[in-house]
$ cat query15.tsv   # TSV, C-alpha atoms
chain	number	residue	atom	x	y	z
C	1202	MET	CA	53.87	90.26	82.13
C	1203	THR	CA	53.35	88.26	78.99
C	1204	GLY	CA	51.88	84.80	78.86
C	1205	GLU	CA	53.87	82.83	76.32
C	1206	GLN	CA	53.34	79.12	75.96
C	1207	PRO	CA	56.49	77.61	74.49
C	1208	ALA	CA	56.35	73.98	73.54
C	1209	THR	CA	59.66	72.81	74.93
C	1210	PHE	CA	61.99	73.55	77.78
C	1211	GLU	CA	64.58	74.96	75.39
C	1212	SER	CA	62.14	77.39	73.84
C	1213	LEU	CA	61.04	78.37	77.33
C	1214	MET	CA	64.62	79.09	78.25
C	1215	LEU	CA	65.19	81.08	75.08
C	1216	ALA	CA	62.15	83.18	75.82
C	1217	HIS	CA	63.25	84.09	79.34
C	1218	GLU	CA	67.03	83.80	79.52
C	1219	ARG	CA	67.70	87.45	78.84
C	1220	LYS	CA	65.61	88.77	81.70
C	1221	VAL	CA	66.85	86.09	84.11
C	1222	VAL	CA	70.49	86.90	83.40
C	1223	ARG	CA	69.78	90.64	83.53
C	1224	VAL	CA	68.06	90.47	86.92
C	1225	ALA	CA	70.80	88.24	88.29
C	1226	TRP	CA	73.45	90.56	86.91
C	1227	ARG	CA	71.93	93.58	88.65
C	1228	MET	CA	71.29	91.68	91.84
C	1229	LEU	CA	74.78	90.21	92.05
C	1230	GLY	CA	76.81	92.94	90.31
C	1231	SER	CA	78.86	90.38	88.41
C	1232	LEU	CA	78.10	88.89	85.03
C	1233	GLU	CA	79.99	85.74	85.90
C	1234	ASP	CA	77.97	85.17	89.06
C	1235	ALA	CA	74.84	86.04	87.12
C	1236	GLN	CA	75.54	83.18	84.73
C	1237	ASP	CA	75.92	80.78	87.64
C	1238	ALA	CA	72.66	82.02	89.14
C	1239	ALA	CA	70.86	81.78	85.79
C	1240	GLN	CA	72.10	78.23	85.38
C	1241	GLU	CA	70.67	77.30	88.77
C	1242	VAL	CA	67.39	79.04	87.95
C	1243	PHE	CA	66.96	77.20	84.67
C	1244	LEU	CA	67.88	73.86	86.17
C	1245	ARG	CA	65.11	74.42	88.71
C	1246	LEU	CA	62.83	75.37	85.85
C	1247	TYR	CA	63.82	72.14	84.09
C	1248	ARG	CA	62.64	70.14	87.08
C	1249	HIS	CA	59.31	71.92	87.34
C	1250	TRP	CA	58.39	73.40	83.98
C	1251	ARG	CA	55.82	70.76	83.06
C	1252	ARG	CA	53.84	71.43	86.21
C	1253	LEU	CA	53.95	75.22	85.87
C	1254	ASP	CA	51.07	77.24	84.54
C	1255	PRO	CA	52.50	78.78	81.33
C	1256	LEU	CA	50.99	82.11	82.30
C	1257	ALA	CA	52.81	82.04	85.62
C	1258	VAL	CA	56.23	81.03	84.34
C	1259	GLU	CA	57.59	84.54	84.13
C	1260	ALA	CA	56.61	85.48	87.69
C	1261	TRP	CA	57.94	82.13	88.88
C	1262	LEU	CA	61.26	82.78	87.15
C	1263	TYR	CA	61.57	86.23	88.67
C	1264	ARG	CA	60.87	84.83	92.12
C	1265	ILE	CA	63.36	81.99	91.76
C	1266	THR	CA	65.98	84.32	90.32
C	1267	VAL	CA	65.66	86.71	93.27
C	1268	ASN	CA	65.79	83.81	95.73
C	1269	VAL	CA	68.83	82.23	94.10
C	1270	CYS	CA	70.61	85.58	94.02
C	1271	CYS	CA	69.80	86.28	97.68
C	1272	ASP	CA	71.20	82.85	98.58
C	1273	MET	CA	74.38	83.58	96.65
C	1274	LEU	CA	74.72	87.01	98.24
C	1275	ARG	CA	74.46	85.49	101.70
C	1276	LYS	CA	77.06	82.85	100.91
C	1277	ARG	CA	79.70	85.00	99.35
C	1278	ARG	CA	81.91	87.52	101.02
C	1279	PRO	CA	80.92	91.19	101.16
C	1280	VAL	CA	81.45	92.92	97.86
C	1281	GLY	CA	83.28	96.13	97.33
C	1282	GLY	CA	85.52	97.93	94.91
C	1283	LEU	CA	85.21	98.32	91.20
C	1284	ALA	CA	86.82	95.03	90.24
C	1285	GLU	CA	83.46	93.24	90.12
C	1286	GLU	CA	81.65	96.02	88.37
C	1287	PRO	CA	79.69	94.75	85.38
C	1288	ALA	CA	80.98	95.78	82.03
C	1289	ILE	CA	78.91	98.45	80.40
C	1290	ALA	CA	78.69	98.60	76.66
C	1291	PRO	CA	80.47	101.70	75.40
C	1292	SER	CA	78.35	104.39	73.86
C	1293	VAL	CA	78.65	108.04	72.90
C	1294	ASP	CA	76.65	109.06	75.98
C	1295	LEU	CA	79.62	109.23	78.28
C	1296	GLU	CA	77.79	110.99	81.09
C	1297	GLY	CA	74.97	108.45	80.87
C	1298	ASP	CA	77.50	105.61	80.88
C	1299	GLU	CA	79.18	107.02	83.95
C	1300	ARG	CA	75.83	107.37	85.73
C	1301	ARG	CA	74.86	103.79	84.93
C	1302	ARG	CA	78.24	102.50	86.02
C	1303	LEU	CA	77.92	104.30	89.32
C	1304	LEU	CA	74.36	103.16	89.76
C	1305	ALA	CA	75.25	99.54	89.09
C	1306	GLU	CA	77.99	99.87	91.67
C	1307	GLY	CA	75.63	101.53	94.14
C	1308	LEU	CA	73.09	98.73	93.81
C	1309	LYS	CA	75.62	96.35	95.31
C	1310	HIS	CA	75.55	98.28	98.53
C	1311	LEU	CA	71.80	98.06	99.11
C	1312	PRO	CA	70.18	95.49	101.35
C	1313	GLU	CA	69.04	92.54	99.25
C	1314	ARG	CA	65.29	93.14	99.57
C	1315	GLU	CA	65.59	96.82	98.62
C	1316	ARG	CA	67.84	95.86	95.79
C	1317	ALA	CA	65.38	93.25	94.57
C	1318	ALA	CA	62.49	95.72	94.73
C	1319	LEU	CA	64.45	98.34	92.78
C	1320	VAL	CA	65.64	95.85	90.17
C	1321	LEU	CA	62.16	94.45	89.57
C	1322	ARG	CA	60.24	97.70	89.84
C	1323	GLU	CA	62.60	100.18	88.22
C	1324	ILE	CA	64.89	98.15	85.98
C	1325	GLU	CA	62.56	95.36	84.87
C	1326	GLY	CA	59.56	97.66	84.82
C	1327	LEU	CA	57.17	95.43	86.75
C	1328	SER	CA	54.20	97.06	88.40
C	1329	THR	CA	54.07	97.41	92.16
C	1330	THR	CA	51.49	94.61	92.29
C	1331	GLU	CA	53.66	92.27	90.20
C	1332	THR	CA	56.75	93.11	92.23
C	1333	ALA	CA	54.85	92.44	95.44
C	1334	ALA	CA	53.68	89.08	94.09
C	1335	VAL	CA	57.19	88.07	93.06
C	1336	LEU	CA	58.71	89.08	96.39
C	1337	GLY	CA	55.81	87.72	98.40
C	1338	VAL	CA	55.22	90.97	100.26
C	1339	ALA	CA	52.51	93.61	100.42
C	1340	GLU	CA	52.41	96.38	97.86
C	1341	THR	CA	52.99	98.95	100.58
C	1342	THR	CA	56.16	97.09	101.48
C	1343	VAL	CA	57.33	97.28	97.88
C	1344	ARG	CA	56.68	101.02	97.75
C	1345	SER	CA	58.56	101.45	100.99
C	1346	GLN	CA	61.48	99.33	99.81
C	1347	VAL	CA	61.71	101.17	96.49
C	1348	SER	CA	61.60	104.54	98.22
C	1349	MET	CA	64.18	103.57	100.82
C	1350	GLY	CA	66.35	101.99	98.14
C	1351	LYS	CA	66.41	105.15	96.08
C	1352	ALA	CA	67.21	107.27	99.11
C	1353	ARG	CA	70.03	104.96	100.12
C	1354	LEU	CA	71.31	104.90	96.58
C	1355	ARG	CA	71.29	108.68	96.31
C	1356	LYS	CA	73.14	108.96	99.58
C	1357	TRP	CA	75.74	106.48	98.43
C	1358	LEU	CA	76.13	108.21	95.04
C	1359	GLU	CA	76.50	111.62	96.60
C	1360	GLY	CA	79.01	110.25	99.04
C	1361	ARG	CA	81.13	109.06	96.15
C	1362	GLU	CA	81.54	112.55	94.68
E	730	MET	CA	77.17	115.24	89.73
E	731	THR	CA	73.85	115.76	91.50
E	732	TRP	CA	71.29	112.97	91.74
E	733	LYS	CA	67.58	113.65	91.69
E	734	ASP	CA	64.91	110.96	91.81
E	735	GLU	CA	64.40	111.34	88.06
E	736	ASP	CA	68.11	110.87	87.46
E	737	ILE	CA	68.13	107.68	89.46
E	738	GLU	CA	65.01	106.33	87.75
E	739	SER	CA	66.39	107.26	84.35
E	740	ALA	CA	69.72	105.60	85.05
E	741	LEU	CA	67.96	102.48	86.35
E	742	ARG	CA	65.91	102.30	83.14
E	743	GLY	CA	69.17	102.69	81.26
E	744	LEU	CA	70.46	99.57	82.98
E	745	ARG	CA	67.50	97.70	81.57
E	746	GLU	CA	68.29	98.81	78.04
E	747	GLU	CA	71.84	97.68	78.42
E	748	ASP	CA	72.07	94.42	76.58
E	749	VAL	CA	73.23	91.23	78.16
E	750	PRO	CA	76.22	89.89	76.15
E	751	LEU	CA	75.09	87.13	73.81
E	752	ALA	CA	78.09	85.03	74.79
E	753	ALA	CA	76.85	84.98	78.37
E	754	LEU	CA	73.42	83.82	77.27
E	755	ALA	CA	74.87	81.12	75.05
E	756	ASN	CA	77.11	79.98	77.88
E	757	VAL	CA	74.20	79.67	80.29
E	758	ARG	CA	72.11	77.84	77.70
E	759	ALA	CA	74.89	75.36	76.94
E	760	ARG	CA	75.57	74.65	80.61
E	761	VAL	CA	71.90	74.17	81.43
E	762	LEU	CA	71.22	71.89	78.47
E	763	GLU	CA	74.30	69.82	79.23
E	764	ARG	CA	73.28	69.36	82.86
E	765	ALA	CA	69.69	68.68	81.88
E	766	SER	CA	70.71	66.01	79.38
E	767	LYS	CA	72.90	64.36	82.01
E	768	GLY	CA	70.00	64.27	84.38
E	769	ARG	CA	67.76	62.80	81.69
E	770	ALA	CA	70.12	59.96	80.72
E	771	PRO	CA	69.34	56.92	82.80
E	772	SER	CA	72.20	55.44	84.73
E	773	TRP	CA	73.44	52.18	83.23
E	774	SER	CA	73.55	50.55	86.61
E	775	TRP	CA	69.86	51.26	87.14
E	776	THR	CA	69.07	50.01	83.65
E	777	TRP	CA	70.87	46.75	84.11
E	778	ALA	CA	69.96	46.08	87.70
E	779	PRO	CA	66.40	44.86	87.02
E	780	ALA	CA	67.60	42.80	84.04
E	781	ALA	CA	70.31	41.17	86.13
E	782	ALA	CA	67.85	40.45	88.92
E	783	ALA	CA	65.42	38.88	86.45
E	784	ALA	CA	68.20	36.74	84.95
E	785	VAL	CA	69.22	35.46	88.37
E	786	LEU	CA	65.60	34.65	89.16
E	787	VAL	CA	65.19	32.69	85.93
E	788	MET	CA	68.43	30.79	86.56
E	789	VAL	CA	67.29	29.86	90.03
E	790	MET	CA	63.95	28.64	88.72
E	791	LEU	CA	65.45	26.60	85.89
E	792	TRP	CA	68.38	25.15	87.83
E	793	PRO	CA	68.04	21.33	88.02
E	794	ARG	CA	67.14	20.47	91.52
E	795	GLN	CA	68.51	17.43	93.31
E	796	GLU	CA	65.76	15.37	94.83
E	797	ALA	CA	66.05	16.02	98.43
E	798	THR	CA	66.06	12.68	100.27
E	799	LEU	CA	64.43	13.38	103.47
E	800	PRO	CA	65.12	10.83	106.12
E	801	THR	CA	62.02	8.77	106.52
E	802	ALA	CA	61.09	8.10	110.01
E	803	ALA	CA	61.53	4.35	110.34
E	804	PRO	CA	59.52	2.70	113.06
E	805	ALA	CA	61.74	2.21	115.99
E	806	LEU	CA	62.38	-1.42	116.56
E	807	PRO	CA	62.98	-2.63	120.02
E	808	ALA	CA	66.55	-3.48	120.68
E	809	ALA	CA	67.32	-7.12	120.73
E	810	PRO	CA	68.07	-8.29	124.18
E	811	GLU	CA	71.58	-9.43	124.83
E	812	GLU	CA	70.27	-12.59	126.29
E	813	ALA	CA	66.90	-14.09	126.00
E	814	LEU	CA	65.55	-16.39	128.55
E	815	VAL	CA	63.79	-19.20	126.86
E	816	ARG	CA	61.51	-21.05	129.12
E	817	PRO	CA	61.61	-24.70	128.25
E	818	PRO	CA	58.75	-26.96	128.87
E	819	LEU	CA	58.13	-27.75	132.45
E	820	GLY	CA	60.51	-30.17	133.97
E	821	THR	CA	63.58	-29.14	132.05
E	822	GLN	CA	66.32	-26.64	132.84
E	823	PRO	CA	66.13	-23.20	131.30
E	824	VAL	CA	68.63	-22.68	128.57
E	825	HIS	CA	70.41	-19.38	128.01
E	826	VAL	CA	70.49	-18.55	124.40
E	827	GLN	CA	73.19	-16.16	123.32
E	828	ALA	CA	71.87	-13.55	120.93
E	829	ARG	CA	73.82	-13.25	117.75
E	830	LYS	CA	75.71	-10.04	118.00
E	831	ASN	CA	76.81	-9.98	114.45
E	832	ALA	CA	73.53	-9.96	112.66
E	833	THR	CA	74.93	-9.12	109.29
E	834	ALA	CA	75.49	-12.12	107.12
E	835	PRO	CA	79.01	-12.51	105.82
E	836	ALA	CA	79.48	-11.91	102.14
E	837	PRO	CA	79.29	-15.23	100.33
E	838	ARG	CA	82.63	-16.44	99.21
E	839	ILE	CA	82.70	-17.49	95.62
E	840	GLN	CA	84.64	-20.67	95.04
E	841	THR	CA	85.63	-21.74	91.59
E	842	GLU	CA	86.19	-25.35	90.83
E	843	PHE	CA	87.45	-26.75	87.62
E	844	ILE	CA	86.64	-30.09	86.20
E	845	ARG	CA	89.01	-31.47	83.67
E	846	LEU	CA	87.40	-33.58	81.01
E	847	PHE	CA	89.47	-35.75	78.85
E	848	THR	CA	88.41	-36.43	75.34
E	849	GLU	CA	89.38	-39.03	72.86
E	850	ASP	CA	91.90	-36.72	71.39
E	851	PRO	CA	94.77	-36.51	73.85
E	852	ASP	CA	95.51	-33.00	72.68
E	853	VAL	CA	92.09	-31.78	73.61
E	854	VAL	CA	91.28	-31.27	77.22
E	855	ILE	CA	88.16	-29.52	78.38
E	856	TYR	CA	88.18	-27.51	81.57
E	857	TRP	CA	84.74	-26.92	83.04
E	858	SER	CA	84.55	-24.10	85.45
E	859	LEU	CA	82.06	-24.37	88.27
E	860	ALA	CA	81.43	-21.30	90.29
E	861	SER	CA	79.62	-21.72	93.55
E	862	THR	CA	78.87	-19.59	96.58
E	863	GLY	CA	80.32	-22.06	98.87
E	864	GLY	CA	77.01	-23.63	99.74
E	865	ALA	CA	75.89	-20.86	102.03
E	866	GLU	CA	72.32	-21.04	100.83
$ encode --input "query15.tsv" --output "structure tokens"
Amino acid sequence: MTGEQPATFESLMLAHERKVVRVAWRMLGSLEDAQDAAQEVFLRLYRHWRRLDPLAVEAWLYRITVNVCCDMLRKRRPVGGLAEEPAIAPSVDLEGDERRRLLAEGLKHLPERERAALVLREIEGLSTTETAAVLGVAETTVRSQVSMGKARLRKWLEGRE
Amino acid sequence: MTWKDEDIESALRGLREEDVPLAALANVRARVLERASKGRAPSWSWTWAPAAAAAVLVMVMLWPRQEATLPTAAPALPAAPEEALVRPPLGTQPVHVQARKNATAPAPRIQTEFIRLFTEDPDVVIYWSLASTGGAE
């Protein structure tokens, strides 16, 4: 994690908006919902940013993003189908695109804590220690959640073929 | 399509490299800044409430007060007896004296009298007005 120290709230938001939206997008499976979640996250940041340790802002944002997304997942109806699949930028790597599309779809079917662990550990590239700190669980729990998440994902992906 | 652990990890990393649309970021930024600026702007009612309260207080303090005339506690006088028994000197009959019920003095009536004075000139007559209170005093 990097320890930036932006001077204003706006610069703080600019520094972190991409990762907040990305995590929310992968957690919720919908870019539109991700924008709503990111808005809520940054409004919470607006209320607290002066009291936050600048070195801890990133971890704080990850934690709040995961919490906000979990709240939204609990409130909304069960997801399913490809209609809410996030748009994937077209590229020449068609097989890679197809794999990512399927993976993004498969993430939606994981339990929220496994999904959060996979998103933070594998997509965002946090260490196991950092992921554990964000989720407020032990490192062994993170390893277990990541492992179970991958297994569940593989099972779901293979079931689709 | 077969999925190994490496495939899954690789595809997950690929999701990270996938860029978030700039329009989405701009949209979030605009919404947050709009809401934040609304929260920062003080409500007019809260701005004016203390000023209005202060104005009312000043008006109350500066308002000309009427001197409150508190009823002074007058010493209670004993009621006049309806009849007073006056004991005359020994050897005479007691006399009942009727107390005056109407203690308030009547308003003096002003009587105007004119005196006509004749002068040497028959065309000139002097009237002298005499106002009197009717000799009450």
$ interface_residues --input "query15.tsv" --of "chain E" --to "chain C" --cutoff "10 Å" --atoms "only C-alpha atoms" --output "VMD selection string"
chain E and resid 730 to 734 736 to 751 753 to 762 764 to 765 768
$ atom_distance --input "query15.tsv" --atom1 "atom CA of Gly1350 of chain C" --atom2 "atom CA of Leu1311 of chain C"
6.8 Å
$ residues_around --input "query15.tsv" --residues "Leu846 of chain E" --least-positions-apart "4" --cutoff "7 Å" --atoms "all atoms listed in the file" --output "PyMOL selection string"
chain E and resi 854-856
$ atom_distance --input "query15.tsv" --atom1 "atom CA of Lys767 of chain E" --atom2 "atom CA of Met1228 of chain C"
29.1 Å
$ atom_distance --input "query15.tsv" --atom1 "atom CA of Thr1341 of chain C" --atom2 "atom CA of Ile1265 of chain C"
21.7 Å
